[in-house]
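J.: Below is the file final_18.txt, which contains compact mmCIF, C-alpha atoms and all ligand atoms.
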# COMPACT_ATOMS: atom_id res chain seq x y z
CA VAL A 803 65.02 35.72 40.91
CA ALA A 804 63.35 36.45 37.58
CA LEU A 805 65.37 36.25 34.40
CA THR A 806 65.98 39.56 32.71
CA TYR A 807 65.31 38.10 29.26
CA LYS A 808 62.21 36.28 28.12
CA PRO A 809 62.74 34.90 24.64
CA THR A 810 59.35 34.03 23.18
CA HIS A 811 59.82 30.61 21.73
CA ARG A 812 59.25 29.49 18.19
CA LEU A 813 57.15 26.62 19.47
CA GLY A 814 53.70 28.13 19.79
CA ARG A 815 51.88 26.28 22.53
CA VAL A 816 53.27 23.91 25.12
CA VAL A 817 51.36 21.62 27.48
CA VAL A 818 53.16 20.08 30.44
CA LEU A 819 51.78 17.28 32.63
CA VAL A 820 52.99 17.60 36.21
CA GLY A 821 52.75 16.21 39.73
CA GLY A 822 54.10 18.07 42.75
CA VAL A 823 57.56 19.38 43.53
CA GLY A 824 59.59 18.11 40.51
CA GLY A 825 56.83 19.05 38.12
CA ALA A 826 56.49 22.51 39.62
CA LYS A 827 60.18 23.20 38.97
CA LEU A 828 59.93 22.42 35.25
CA ALA A 829 56.65 24.36 34.99
CA HIS A 830 58.45 27.32 36.57
CA GLY A 831 61.35 26.96 34.11
CA LEU A 832 58.92 26.96 31.19
CA ALA A 833 57.07 29.95 32.63
CA GLN A 834 60.36 31.86 32.65
CA VAL A 835 61.04 31.32 28.94
CA LEU A 836 57.55 31.28 27.39
CA GLU A 837 54.88 33.95 27.23
CA PRO A 838 52.00 33.12 29.61
CA GLU A 839 49.57 32.37 26.75
CA GLN A 840 51.99 29.77 25.34
CA LEU A 841 51.96 27.53 28.42
CA THR A 842 49.33 25.22 29.94
CA VAL A 843 50.17 23.21 33.05
CA ILE A 844 47.95 20.17 33.68
CA VAL A 845 48.25 18.99 37.27
CA ASN A 846 47.65 15.63 38.97
CA THR A 847 44.72 15.74 41.39
CA GLY A 848 44.95 12.09 42.49
CA ASP A 849 46.61 13.26 45.73
CA ASP A 850 43.68 15.52 46.63
CA PHE A 851 41.71 14.70 49.75
CA TRP A 852 39.37 15.93 52.45
CA HIS A 853 41.28 16.81 55.59
CA ARG A 854 39.45 18.16 58.65
CA GLY A 855 36.61 19.39 56.45
CA LEU A 856 38.88 21.12 53.95
CA ARG A 857 39.44 20.25 50.30
CA VAL A 858 43.22 20.02 49.96
CA CYS A 859 44.88 19.76 46.52
CA PRO A 860 48.61 19.40 47.31
CA ASP A 861 50.00 19.22 43.78
CA LEU A 862 47.87 22.10 42.48
CA ASP A 863 49.00 24.20 45.43
CA THR A 864 52.66 23.24 45.04
CA VAL A 865 52.60 24.32 41.39
CA MET A 866 50.53 27.43 42.17
CA TYR A 867 52.83 28.59 44.98
CA THR A 868 55.92 27.84 42.87
CA LEU A 869 54.64 29.85 39.90
CA ALA A 870 53.59 32.67 42.25
CA GLY A 871 57.10 32.72 43.75
CA ILE A 872 55.86 32.11 47.31
CA VAL A 873 56.65 28.41 47.73
CA ASP A 874 58.73 27.14 50.66
CA ARG A 875 61.91 26.18 48.82
CA THR A 876 63.18 23.90 51.56
CA ASN A 877 60.18 21.57 51.52
CA GLY A 878 59.18 22.30 47.93
CA TRP A 879 55.53 22.55 49.08
CA GLY A 880 53.66 25.00 51.33
CA ILE A 881 54.28 28.74 51.64
CA ALA A 882 57.68 30.26 52.47
CA GLY A 883 57.83 31.59 56.03
CA ASP A 884 54.52 30.02 57.00
CA THR A 885 53.79 29.40 60.69
CA THR A 886 52.13 26.47 62.46
CA ALA A 887 49.96 28.07 65.16
CA MET A 888 46.87 26.11 64.06
CA LEU A 889 48.76 22.80 64.27
CA GLU A 890 50.03 23.65 67.74
CA ALA A 891 46.48 24.49 68.85
CA LEU A 892 45.32 21.10 67.54
CA ARG A 893 48.08 19.44 69.56
CA ARG A 894 46.85 21.27 72.69
CA TYR A 895 43.53 19.46 72.14
CA GLY A 896 45.46 16.17 72.08
CA GLU A 897 45.10 15.76 68.32
CA ASP A 898 47.83 14.38 66.05
CA PRO A 899 48.35 16.97 63.28
CA TRP A 900 50.12 14.53 60.94
CA PHE A 901 49.37 16.59 57.83
CA ARG A 902 51.14 19.92 58.24
CA LEU A 903 48.83 22.65 57.00
CA GLY A 904 50.55 26.00 57.56
CA ASP A 905 48.58 29.00 58.79
CA GLN A 906 48.86 30.92 55.51
CA ASP A 907 48.27 27.77 53.46
CA LEU A 908 44.94 27.40 55.30
CA ALA A 909 43.58 30.45 53.47
CA THR A 910 43.89 28.57 50.17
CA HIS A 911 41.99 25.56 51.53
CA LEU A 912 39.28 27.74 53.09
CA LEU A 913 38.63 29.63 49.84
CA ARG A 914 38.75 26.45 47.77
CA THR A 915 36.39 24.59 50.13
CA GLU A 916 33.89 27.47 50.18
CA ALA A 917 33.82 27.58 46.38
CA TRP A 918 33.66 23.76 46.16
CA GLN A 919 30.63 23.78 48.45
CA ARG A 920 28.96 26.40 46.25
CA GLY A 921 29.28 23.81 43.47
CA GLU A 922 32.04 25.51 41.49
CA ARG A 923 34.29 23.39 39.28
CA LEU A 924 37.85 22.80 40.47
CA THR A 925 39.05 24.32 37.18
CA ALA A 926 37.24 27.60 37.92
CA ILE A 927 38.30 27.60 41.57
CA THR A 928 41.94 27.07 40.59
CA ARG A 929 41.80 29.76 37.88
CA ASP A 930 40.43 32.24 40.42
CA LEU A 931 43.04 31.46 43.09
CA ALA A 932 45.92 31.47 40.58
CA THR A 933 44.78 34.76 39.04
CA ARG A 934 44.56 36.36 42.47
CA LEU A 935 48.17 35.25 43.11
CA GLY A 936 49.23 36.93 39.87
CA ILE A 937 49.80 33.77 37.81
CA GLY A 938 49.43 34.31 34.07
CA VAL A 939 49.90 30.78 32.71
CA ALA A 940 46.94 28.40 32.47
CA LEU A 941 47.01 26.18 35.56
CA LEU A 942 44.54 23.33 35.12
CA PRO A 943 43.54 20.42 37.33
CA MET A 944 43.55 17.21 35.27
CA SER A 945 39.85 16.70 35.99
CA ASP A 946 36.90 18.35 37.72
CA SER A 947 35.78 14.92 38.94
CA VAL A 948 37.38 13.10 41.84
CA GLN A 949 39.80 10.30 40.98
CA ALA A 950 41.72 9.39 44.13
CA THR A 951 45.01 7.51 44.18
CA VAL A 952 44.95 4.56 46.59
CA VAL A 953 48.12 2.65 47.44
CA ASP A 954 47.92 -1.07 48.18
CA THR A 955 50.67 -1.84 50.70
CA VAL A 956 52.02 -5.07 52.19
CA GLU A 957 51.99 -3.73 55.76
CA HIS A 958 48.71 -1.78 55.93
CA GLY A 959 46.65 -2.91 52.94
CA LEU A 960 44.89 -0.12 51.05
CA LEU A 961 45.97 3.39 52.05
CA PRO A 962 44.58 6.71 50.76
CA PHE A 963 47.48 8.47 49.03
CA GLN A 964 48.31 11.04 51.73
CA GLU A 965 48.26 8.37 54.45
CA TYR A 966 50.84 6.40 52.45
CA PHE A 967 52.89 9.45 51.52
CA VAL A 968 52.79 11.71 54.56
CA ARG A 969 51.50 9.75 57.57
CA TYR A 970 53.66 6.69 56.81
CA CYS A 971 56.41 8.69 55.05
CA TRP A 972 56.18 6.39 51.97
CA GLN A 973 57.82 3.60 53.98
CA PRO A 974 55.20 0.84 53.42
CA THR A 975 55.98 -1.64 50.63
CA VAL A 976 53.81 -0.98 47.57
CA ARG A 977 52.03 -3.94 45.92
CA ALA A 978 49.83 -2.00 43.53
CA ILE A 979 48.41 1.45 42.88
CA ARG A 980 44.73 2.09 42.16
CA PHE A 981 42.83 5.10 40.90
CA GLU A 982 39.31 5.35 42.27
CA SER A 983 36.73 7.55 40.60
CA ALA A 984 33.87 8.83 42.74
CA GLY A 985 30.58 7.42 41.45
CA ASP A 986 30.03 5.13 38.48
CA THR A 987 31.47 7.22 35.66
CA PRO A 988 35.25 7.23 35.33
CA ALA A 989 36.83 10.67 35.80
CA ALA A 990 37.70 12.38 32.52
CA PRO A 991 39.96 15.26 31.55
CA THR A 992 38.27 18.67 31.57
CA ALA A 993 37.22 20.45 28.37
CA GLU A 994 40.00 22.97 29.08
CA ALA A 995 42.67 20.24 29.38
CA ARG A 996 41.41 18.57 26.18
CA ALA A 997 41.40 21.83 24.24
CA ALA A 998 44.94 22.64 25.39
CA ILE A 999 46.20 19.19 24.35
CA GLU A 1000 44.45 19.42 20.99
CA ALA A 1001 46.00 22.84 20.30
CA ALA A 1002 49.50 22.03 21.60
CA ASP A 1003 52.66 22.12 19.49
CA ALA A 1004 54.51 20.05 22.10
CA LEU A 1005 53.50 17.86 25.03
CA LEU A 1006 55.89 17.50 27.94
CA ILE A 1007 55.84 15.12 30.89
CA ALA A 1008 57.65 16.64 33.86
CA PRO A 1009 60.23 14.73 35.95
CA SER A 1010 57.47 13.74 38.37
CA ASN A 1011 56.85 10.24 39.68
CA PRO A 1012 55.49 8.23 36.68
CA TRP A 1013 53.45 5.84 38.86
CA LEU A 1014 52.14 8.21 41.55
CA SER A 1015 51.92 11.57 39.73
CA ILE A 1016 51.69 11.04 35.96
CA ASP A 1017 49.78 7.76 35.82
CA PRO A 1018 46.70 9.29 37.50
CA ILE A 1019 46.59 11.81 34.63
CA LEU A 1020 47.13 9.15 31.93
CA HIS A 1021 44.49 6.93 33.58
CA LEU A 1022 41.68 9.48 33.02
CA ASP A 1023 38.99 8.33 30.62
CA GLY A 1024 40.20 8.96 27.05
CA MET A 1025 43.45 10.68 28.06
CA ARG A 1026 45.95 8.23 26.52
CA ALA A 1027 44.10 8.24 23.20
CA LEU A 1028 43.91 12.03 23.27
CA LEU A 1029 47.69 12.31 23.72
CA LEU A 1030 48.59 9.54 21.27
CA ALA A 1031 46.44 11.17 18.60
CA ARG A 1032 48.76 14.19 18.58
CA ALA A 1033 51.56 13.79 16.02
CA ILE A 1034 53.79 16.33 17.75
CA PRO A 1035 56.77 16.02 20.09
CA ARG A 1036 55.65 14.13 23.21
CA VAL A 1037 58.60 14.28 25.56
CA ALA A 1038 59.17 12.99 29.08
CA VAL A 1039 61.92 14.15 31.43
CA SER A 1040 63.35 11.34 33.57
CA PRO A 1041 62.88 11.74 37.34
CA ILE A 1042 65.68 9.20 37.86
CA VAL A 1043 69.21 10.58 37.73
CA ALA A 1044 72.16 8.18 37.90
CA GLY A 1045 69.95 5.49 39.46
CA ARG A 1046 68.51 7.75 42.15
CA ALA A 1047 65.34 9.78 42.62
CA ILE A 1048 65.85 13.52 43.13
CA LYS A 1049 63.03 13.56 45.70
CA GLY A 1050 60.38 11.21 47.01
CA PRO A 1051 59.65 7.51 46.59
CA ALA A 1052 60.27 6.94 42.84
CA ALA A 1053 63.41 4.81 43.27
CA LYS A 1054 62.03 2.81 46.21
CA LEU A 1055 58.77 2.24 44.34
CA MET A 1056 60.54 1.06 41.19
CA ALA A 1057 62.51 -1.49 43.19
CA GLU A 1058 59.28 -2.70 44.82
CA LEU A 1059 57.66 -3.03 41.39
CA GLY A 1060 60.61 -5.17 40.29
CA LEU A 1061 62.10 -2.59 37.93
CA ALA A 1062 65.72 -1.55 37.49
CA VAL A 1063 66.12 1.96 38.92
CA SER A 1064 67.27 3.77 35.78
CA SER A 1065 66.09 6.32 33.25
CA VAL A 1066 65.95 3.45 30.74
CA SER A 1067 63.17 1.87 32.84
CA ILE A 1068 61.33 5.20 32.83
CA ALA A 1069 61.54 5.42 29.03
CA GLU A 1070 60.35 1.79 28.75
CA TYR A 1071 57.48 2.54 31.10
CA TYR A 1072 56.23 5.48 29.01
CA GLY A 1073 56.69 3.40 25.84
CA THR A 1074 54.90 4.82 22.80
CA MET A 1075 53.29 7.55 24.91
CA VAL A 1076 56.49 9.51 24.25
CA ASN A 1077 58.58 9.97 21.11
CA GLY A 1078 61.29 11.94 22.87
CA PHE A 1079 63.09 11.56 26.19
CA VAL A 1080 65.26 13.85 28.28
CA HIS A 1081 67.70 12.44 30.81
CA ASP A 1082 70.58 13.65 32.90
CA VAL A 1083 74.27 13.91 32.01
CA GLN A 1084 75.01 12.00 35.22
CA ASP A 1085 73.41 8.93 33.61
CA GLY A 1086 76.56 8.54 31.54
CA ALA A 1087 77.17 7.25 28.03
CA ALA A 1088 75.94 3.67 28.64
CA ALA A 1089 72.44 4.91 29.52
CA ALA A 1090 72.45 7.20 26.49
CA ALA A 1091 73.36 4.26 24.25
CA ALA A 1092 70.65 2.06 25.82
CA LEU A 1093 68.06 4.81 25.32
CA ALA A 1094 69.10 5.32 21.70
CA GLU A 1095 68.06 1.72 21.03
CA HIS A 1096 64.50 2.51 22.08
CA GLY A 1097 63.73 4.50 18.97
CA VAL A 1098 62.99 7.71 20.82
CA ARG A 1099 64.94 10.89 20.28
CA THR A 1100 66.96 11.68 23.37
CA LEU A 1101 68.43 14.79 24.88
CA GLN A 1102 71.06 14.33 27.58
CA THR A 1103 71.56 17.45 29.68
CA ASN A 1104 71.56 18.77 33.23
CA THR A 1105 68.06 18.02 34.53
CA VAL A 1106 68.73 18.70 38.23
CA MET A 1107 67.04 22.05 38.82
CA THR A 1108 68.59 23.48 41.96
CA ASN A 1109 67.79 27.14 41.23
CA ASP A 1110 65.66 29.36 38.98
CA THR A 1111 68.39 29.68 36.36
CA GLU A 1112 68.76 25.90 36.03
CA ARG A 1113 64.99 25.59 35.66
CA ALA A 1114 64.91 28.16 32.87
CA SER A 1115 67.99 26.65 31.27
CA LEU A 1116 66.46 23.15 31.10
CA ALA A 1117 63.24 24.59 29.67
CA GLN A 1118 65.16 26.64 27.10
CA GLN A 1119 67.28 23.69 26.01
CA MET A 1120 64.27 21.41 25.67
CA LEU A 1121 62.33 23.95 23.63
CA GLY A 1122 65.34 24.60 21.39
CA TRP A 1123 65.76 20.86 20.86
CA LEU A 1124 62.04 20.40 20.10
CA ALA A 1125 62.01 23.29 17.64
CA GLU A 1126 64.71 21.49 15.63
CA TRP A 1127 62.55 18.40 15.18
CA SER A 1128 60.41 19.93 12.47
CA HIS A 1129 63.55 20.88 10.52
CA ALA A 1130 65.25 17.49 10.81
N1 LIG B 1 54.23 16.59 52.54
C1 LIG B 1 54.78 16.00 53.62
O1 LIG B 1 55.69 15.19 53.47
N2 LIG B 1 54.33 16.29 54.90
C2 LIG B 1 53.33 17.17 55.12
O2 LIG B 1 52.95 17.38 56.26
C3 LIG B 1 52.75 17.84 53.98
C4 LIG B 1 51.78 18.80 54.13
C5 LIG B 1 51.30 19.48 53.00
C6 LIG B 1 50.36 20.50 53.13
C7 LIG B 1 49.89 21.17 52.02
C8 LIG B 1 50.36 20.83 50.75
O3 LIG B 1 49.91 21.50 49.67
C9 LIG B 1 51.30 19.82 50.60
C10 LIG B 1 51.77 19.14 51.71
N3 LIG B 1 52.73 18.12 51.59
C11 LIG B 1 53.24 17.50 52.69
C12 LIG B 1 53.20 17.70 50.28
C13 LIG B 1 52.28 16.74 49.57
O4 LIG B 1 51.35 16.10 50.34
C14 LIG B 1 53.03 15.73 48.72
O5 LIG B 1 54.26 16.22 48.34
C15 LIG B 1 52.32 15.46 47.44
O6 LIG B 1 51.02 15.04 47.58
C16 LIG B 1 53.10 14.50 46.54
O7 LIG B 1 53.26 15.12 45.31
Hey, can you dump this file as structure tokens for me?
Ligand code: FO1
T.:
Amino acid sequence: VALTYKPTHRLGRVVVLVGGVGGAKLAHGLAQVLEPEQLTVIVNTGDDFWHRGLRVCPDLDTVMYTLAGIVDRTNGWGIAGDTTAMLEALRRYGEDPWFRLGDQDLATHLLRTEAWQRGERLTAITRDLATRLGIGVALLPMSDSVQATVVDTVEHGLLPFQEYFVRYCWQPTVRAIRFESAGDTPAAPTAEARAAIEAADALLIAPSNPWLSIDPILHLDGMRALLLARAIPRVAVSPIVAGRAIKGPAAKLMAELGLAVSSVSIAEYYGTMVNGFVHDVQDGAAAAAALAEHGVRTLQTNTVMTNDTERASLAQQMLGWLAEWSHA
């Protein structure tokens, strides 16, 4: 359901760093209240992998399908109404189709893989696919080079990200997380991502998993310095609400890393990377008081985006709050 109003915001250009499902929701909220040329979405590609000969970029696709209005809202990823004929055919051959690629979703991976094999950059491939789906905002992979997230687990040792996340349903105990660049040179942000960050009036970090979705972006060669050099609002939205994760392994992972499961821990984790922090009303007054002591500006509001209106409302409130900073 599209909003009937679209107030162009006083803040000129906004960059948001996102992972998968949670990040896609905030990106969609921002897309509802900003003009397309005001918004750049930089997406984690640490989850990307080769699967049965196809280049699959789950977070890029989740954000792309969400912005195009075709995402499966129950799962948060994949295409609404997609079928699984290909997976059933694999099963007939005795294969274990542990990664559920829907029939329509396959078209994305086929086109991406063809272009990848022609030597096109992931940035160009993504721009082409997004444009063909009618997306107006800039949707950028964090890098054109491969930097794969690898999870070191107690039970199975090193696991490629999707094995940890999907095959083992994020049940293994995490010891450490690594980011592995292909080749000798560390992966770096693209020229497009750099230019967007350098031109931004505000930088947002979506309520995605800080360790699994945002860290791969921050780990890119030169990325932290690039962000820290910008004396503008740099604001993270907490993915932890009242001590629980909205979706996925964030809370379990924090416990395994020895951290208290709270938005305060998230703010501490981002440290000086952010100068503003958004957390949920369900956190209560004690969390707000604890956050106030951290020297970051805080906004406490409803961050649980259960429908399009709540997404737009969170985006609108954040942008209104940020616009006040320069007048304070
Ligand atoms: N997540 C799952 O939990 N199970 C799946 O079978 C699965 C398939 C899948 C296919 C395409 C795609 O774009 C995403 C898919 N996801 C699946 C989601 C995805 O792997 C994870 O949510 C992200 O990597 C974490 O952000």
J.: Can you list, as number ranges by chain, every protein, DNA or RNA residue that comes within 8 Å of stretch 861-875 of chain A when you count all atoms listed in the file, leaving out same-chain residues fewer than 5 positions away?
T.: A: 821-823, 825-827, 829-830, 833, 845-847, 849-850, 880-883, 928, 932, 935-937, 941, 943
J.: By how many Å are atom O4 of ligand LIG 1 (chain B) and atom CA of A:Ala1002 apart?
T.: 29.4 Å
J.: Which is closer to A:Glu916 than all the others in A:Arg857, A:His958, A:Arg893, A:His1021, using only C-alpha atoms?
T.: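 Residue with the minimum atom-to-atom distance to A:Glu916: A:Arg857.
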J.: Hey, what's within 12 Å of A:Asp905 if we count only C-alpha atoms and toss same-chain stuff fewer than 2 positions away? As a short mmCIF file (atom, residue, chain, number, x, y, z; two decimals) with C-alpha atoms, keeping the file's coordinate frame, please?
T.:
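File written: selection_10.cif
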data_model
loop_
_atom_site.label_atom_id
_atom_site.label_comp_id
_atom_site.auth_asym_id
_atom_site.auth_seq_id
_atom_site.Cartn_x
_atom_site.Cartn_y
_atom_site.Cartn_z
CA GLY A 880 53.66 25.00 51.33
CA ILE A 881 54.28 28.74 51.64
CA ALA A 882 57.68 30.26 52.47
CA GLY A 883 57.83 31.59 56.03
CA ASP A 884 54.52 30.02 57.00
CA THR A 885 53.79 29.40 60.69
CA THR A 886 52.13 26.47 62.46
CA ALA A 887 49.96 28.07 65.16
CA MET A 888 46.87 26.11 64.06
CA LEU A 889 48.76 22.80 64.27
CA GLU A 890 50.03 23.65 67.74
CA ALA A 891 46.48 24.49 68.85
CA ARG A 902 51.14 19.92 58.24
CA LEU A 903 48.83 22.65 57.00
CA ASP A 907 48.27 27.77 53.46
CA LEU A 908 44.94 27.40 55.30
CA ALA A 909 43.58 30.45 53.47
CA THR A 910 43.89 28.57 50.17
CA HIS A 911 41.99 25.56 51.53
CA LEU A 912 39.28 27.74 53.09
#
J.: Pick out the residues sitting within 9 Å of A:Ala1001, and hand them over as a ChimeraX atom specification; count all atoms listed in the file, and ignore anything fewer than 5 positions along from it in its own chain.
T.: /A:815-816,996
J.: Give me the residues within 9 Å of A:Ile1048 as a compact mmCIF listing (two decimals) with C-alpha atoms, in the coordinates of the input, counting all atoms listed in the file and dropping any in the same chain fewer than 6 places off.
T.:
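Below you can see part-v6.txt, which holds the result:
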# COMPACT_ATOMS: atom_id res chain seq x y z
CA GLY A 824 59.59 18.11 40.51
CA PRO A 1041 62.88 11.74 37.34
CA ILE A 1042 65.68 9.20 37.86
CA VAL A 1106 68.73 18.70 38.23
J.: Using only C-alpha atoms and all ligand atoms, which of A:Ala997, A:Met1025, A:Leu1061, A:Ile1016 sits nearest ligand LIG 1 (chain B)?
T.: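 Of all the options, A:Ile1016 lies closest to ligand LIG 1 (chain B).
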J.: Do a neighbour search on A:Arg969 at 8 Å with all atoms listed in the file, toss out local chain neighbours closer than 4 positions, and write the hits as a list in words.
T.: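 Here the qualifying residues turn out to be Trp900, Phe901, Gln964 and Glu965 of chain A.
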J.: In Å to one decimal, how far is atom O5 of ligand LIG 1 (chain B) from atom CA of A:Phe967?
T.: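 Value for the atom CA of A:Phe967-atom O5 of ligand LIG 1 (chain B) distance: 7.6 Å.
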J.: Using all atoms listed in the file, which of A:Ala990, A:Ala998, A:Ile1007, A:Ala1052 sits nearest ligand LIG 1 (chain B)?
T.: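 Looking only at the distances to ligand LIG 1 (chain B), the closest residue turns out to be A:Ala1052.
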J.: The residues within 12 Å of (60.6, 6.2, 31.8), using all atoms listed in the file and the coordinates of the file, should be reported as a PyMOL selection string; which are they?
T.: chain A and resi 1007-1013+1016-1017+1037-1043+1052-1053+1056+1061-1081+1093+1096+1098+1100
J.: Could the residues in this selection be written to a file with C-alpha atoms, as a compact mmCIF listing (two decimals), in the frame of the given file?
T.:
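Generated output (selection.txt):
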# COMPACT_ATOMS: atom_id res chain seq x y z
CA ILE A 1007 55.84 15.12 30.89
CA ALA A 1008 57.65 16.64 33.86
CA PRO A 1009 60.23 14.73 35.95
CA SER A 1010 57.47 13.74 38.37
CA ASN A 1011 56.85 10.24 39.68
CA PRO A 1012 55.49 8.23 36.68
CA TRP A 1013 53.45 5.84 38.86
CA ILE A 1016 51.69 11.04 35.96
CA ASP A 1017 49.78 7.76 35.82
CA VAL A 1037 58.60 14.28 25.56
CA ALA A 1038 59.17 12.99 29.08
CA VAL A 1039 61.92 14.15 31.43
CA SER A 1040 63.35 11.34 33.57
CA PRO A 1041 62.88 11.74 37.34
CA ILE A 1042 65.68 9.20 37.86
CA VAL A 1043 69.21 10.58 37.73
CA ALA A 1052 60.27 6.94 42.84
CA ALA A 1053 63.41 4.81 43.27
CA MET A 1056 60.54 1.06 41.19
CA LEU A 1061 62.10 -2.59 37.93
CA ALA A 1062 65.72 -1.55 37.49
CA VAL A 1063 66.12 1.96 38.92
CA SER A 1064 67.27 3.77 35.78
CA SER A 1065 66.09 6.32 33.25
CA VAL A 1066 65.95 3.45 30.74
CA SER A 1067 63.17 1.87 32.84
CA ILE A 1068 61.33 5.20 32.83
CA ALA A 1069 61.54 5.42 29.03
CA GLU A 1070 60.35 1.79 28.75
CA TYR A 1071 57.48 2.54 31.10
CA TYR A 1072 56.23 5.48 29.01
CA GLY A 1073 56.69 3.40 25.84
CA THR A 1074 54.90 4.82 22.80
CA MET A 1075 53.29 7.55 24.91
CA VAL A 1076 56.49 9.51 24.25
CA ASN A 1077 58.58 9.97 21.11
CA GLY A 1078 61.29 11.94 22.87
CA PHE A 1079 63.09 11.56 26.19
CA VAL A 1080 65.26 13.85 28.28
CA HIS A 1081 67.70 12.44 30.81
CA LEU A 1093 68.06 4.81 25.32
CA HIS A 1096 64.50 2.51 22.08
CA VAL A 1098 62.99 7.71 20.82
CA THR A 1100 66.96 11.68 23.37
J.: Out of A:Tyr895, A:Val939, A:Trp852, A:Phe981, which residue has the shortest atom-to-atom distance to A:Pro838 when counting only C-alpha atoms?
T.: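 Looking only at the distances to A:Pro838, the closest residue turns out to be A:Val939.
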J.: What does the distance from atom CA of A:Phe851 to atom CA of A:Val948 come to in Å, to one decimal?
T.: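 Atom CA of A:Phe851 sits 9.2 Å away from atom CA of A:Val948.
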J.: N, CA and C atoms are what I want for stretch 982-994 of chain A; can you complete it accordingly and write them as an mmCIF file, in the frame of the given file?
T.:
data_model
loop_
_atom_site.group_PDB
_atom_site.id
_atom_site.type_symbol
_atom_site.label_atom_id
_atom_site.label_comp_id
_atom_site.auth_asym_id
_atom_site.auth_seq_id
_atom_site.Cartn_x
_atom_site.Cartn_y
_atom_site.Cartn_z
ATOM 1 N N GLU A 982 40.736 5.560 42.012
ATOM 2 C CA GLU A 982 39.310 5.350 42.270
ATOM 3 C C GLU A 982 38.491 6.590 41.967
ATOM 4 N N SER A 983 37.645 6.463 40.942
ATOM 5 C CA SER A 983 36.730 7.550 40.600
ATOM 6 C C SER A 983 35.572 7.545 41.591
ATOM 7 N N ALA A 984 35.073 8.737 41.900
ATOM 8 C CA ALA A 984 33.870 8.830 42.740
ATOM 9 C C ALA A 984 32.680 8.557 41.831
ATOM 10 N N GLY A 985 31.764 7.708 42.273
ATOM 11 C CA GLY A 985 30.580 7.420 41.450
ATOM 12 C C GLY A 985 30.874 6.388 40.378
ATOM 13 N N ASP A 986 29.930 6.206 39.467
ATOM 14 C CA ASP A 986 30.030 5.130 38.480
ATOM 15 C C ASP A 986 30.810 5.528 37.233
ATOM 16 N N THR A 987 30.767 6.811 36.875
ATOM 17 C CA THR A 987 31.470 7.220 35.660
ATOM 18 C C THR A 987 32.934 7.501 35.956
ATOM 19 N N PRO A 988 33.834 6.953 35.123
ATOM 20 C CA PRO A 988 35.250 7.230 35.330
ATOM 21 C C PRO A 988 35.545 8.721 35.129
ATOM 22 N N ALA A 989 36.458 9.253 35.934
ATOM 23 C CA ALA A 989 36.830 10.670 35.800
ATOM 24 C C ALA A 989 37.465 10.896 34.432
ATOM 25 N N ALA A 990 37.189 12.036 33.858
ATOM 26 C CA ALA A 990 37.700 12.380 32.520
ATOM 27 C C ALA A 990 38.435 13.708 32.587
ATOM 28 N N PRO A 991 39.314 13.946 31.594
ATOM 29 C CA PRO A 991 39.960 15.260 31.550
ATOM 30 C C PRO A 991 38.914 16.354 31.308
ATOM 31 N N THR A 992 39.206 17.551 31.760
ATOM 32 C CA THR A 992 38.270 18.670 31.570
ATOM 33 C C THR A 992 38.282 19.119 30.111
ATOM 34 N N ALA A 993 37.267 19.867 29.725
ATOM 35 C CA ALA A 993 37.220 20.450 28.370
ATOM 36 C C ALA A 993 38.435 21.341 28.156
ATOM 37 N N GLU A 994 38.852 22.057 29.196
ATOM 38 C CA GLU A 994 40.000 22.970 29.080
ATOM 39 C C GLU A 994 41.295 22.188 28.829
#
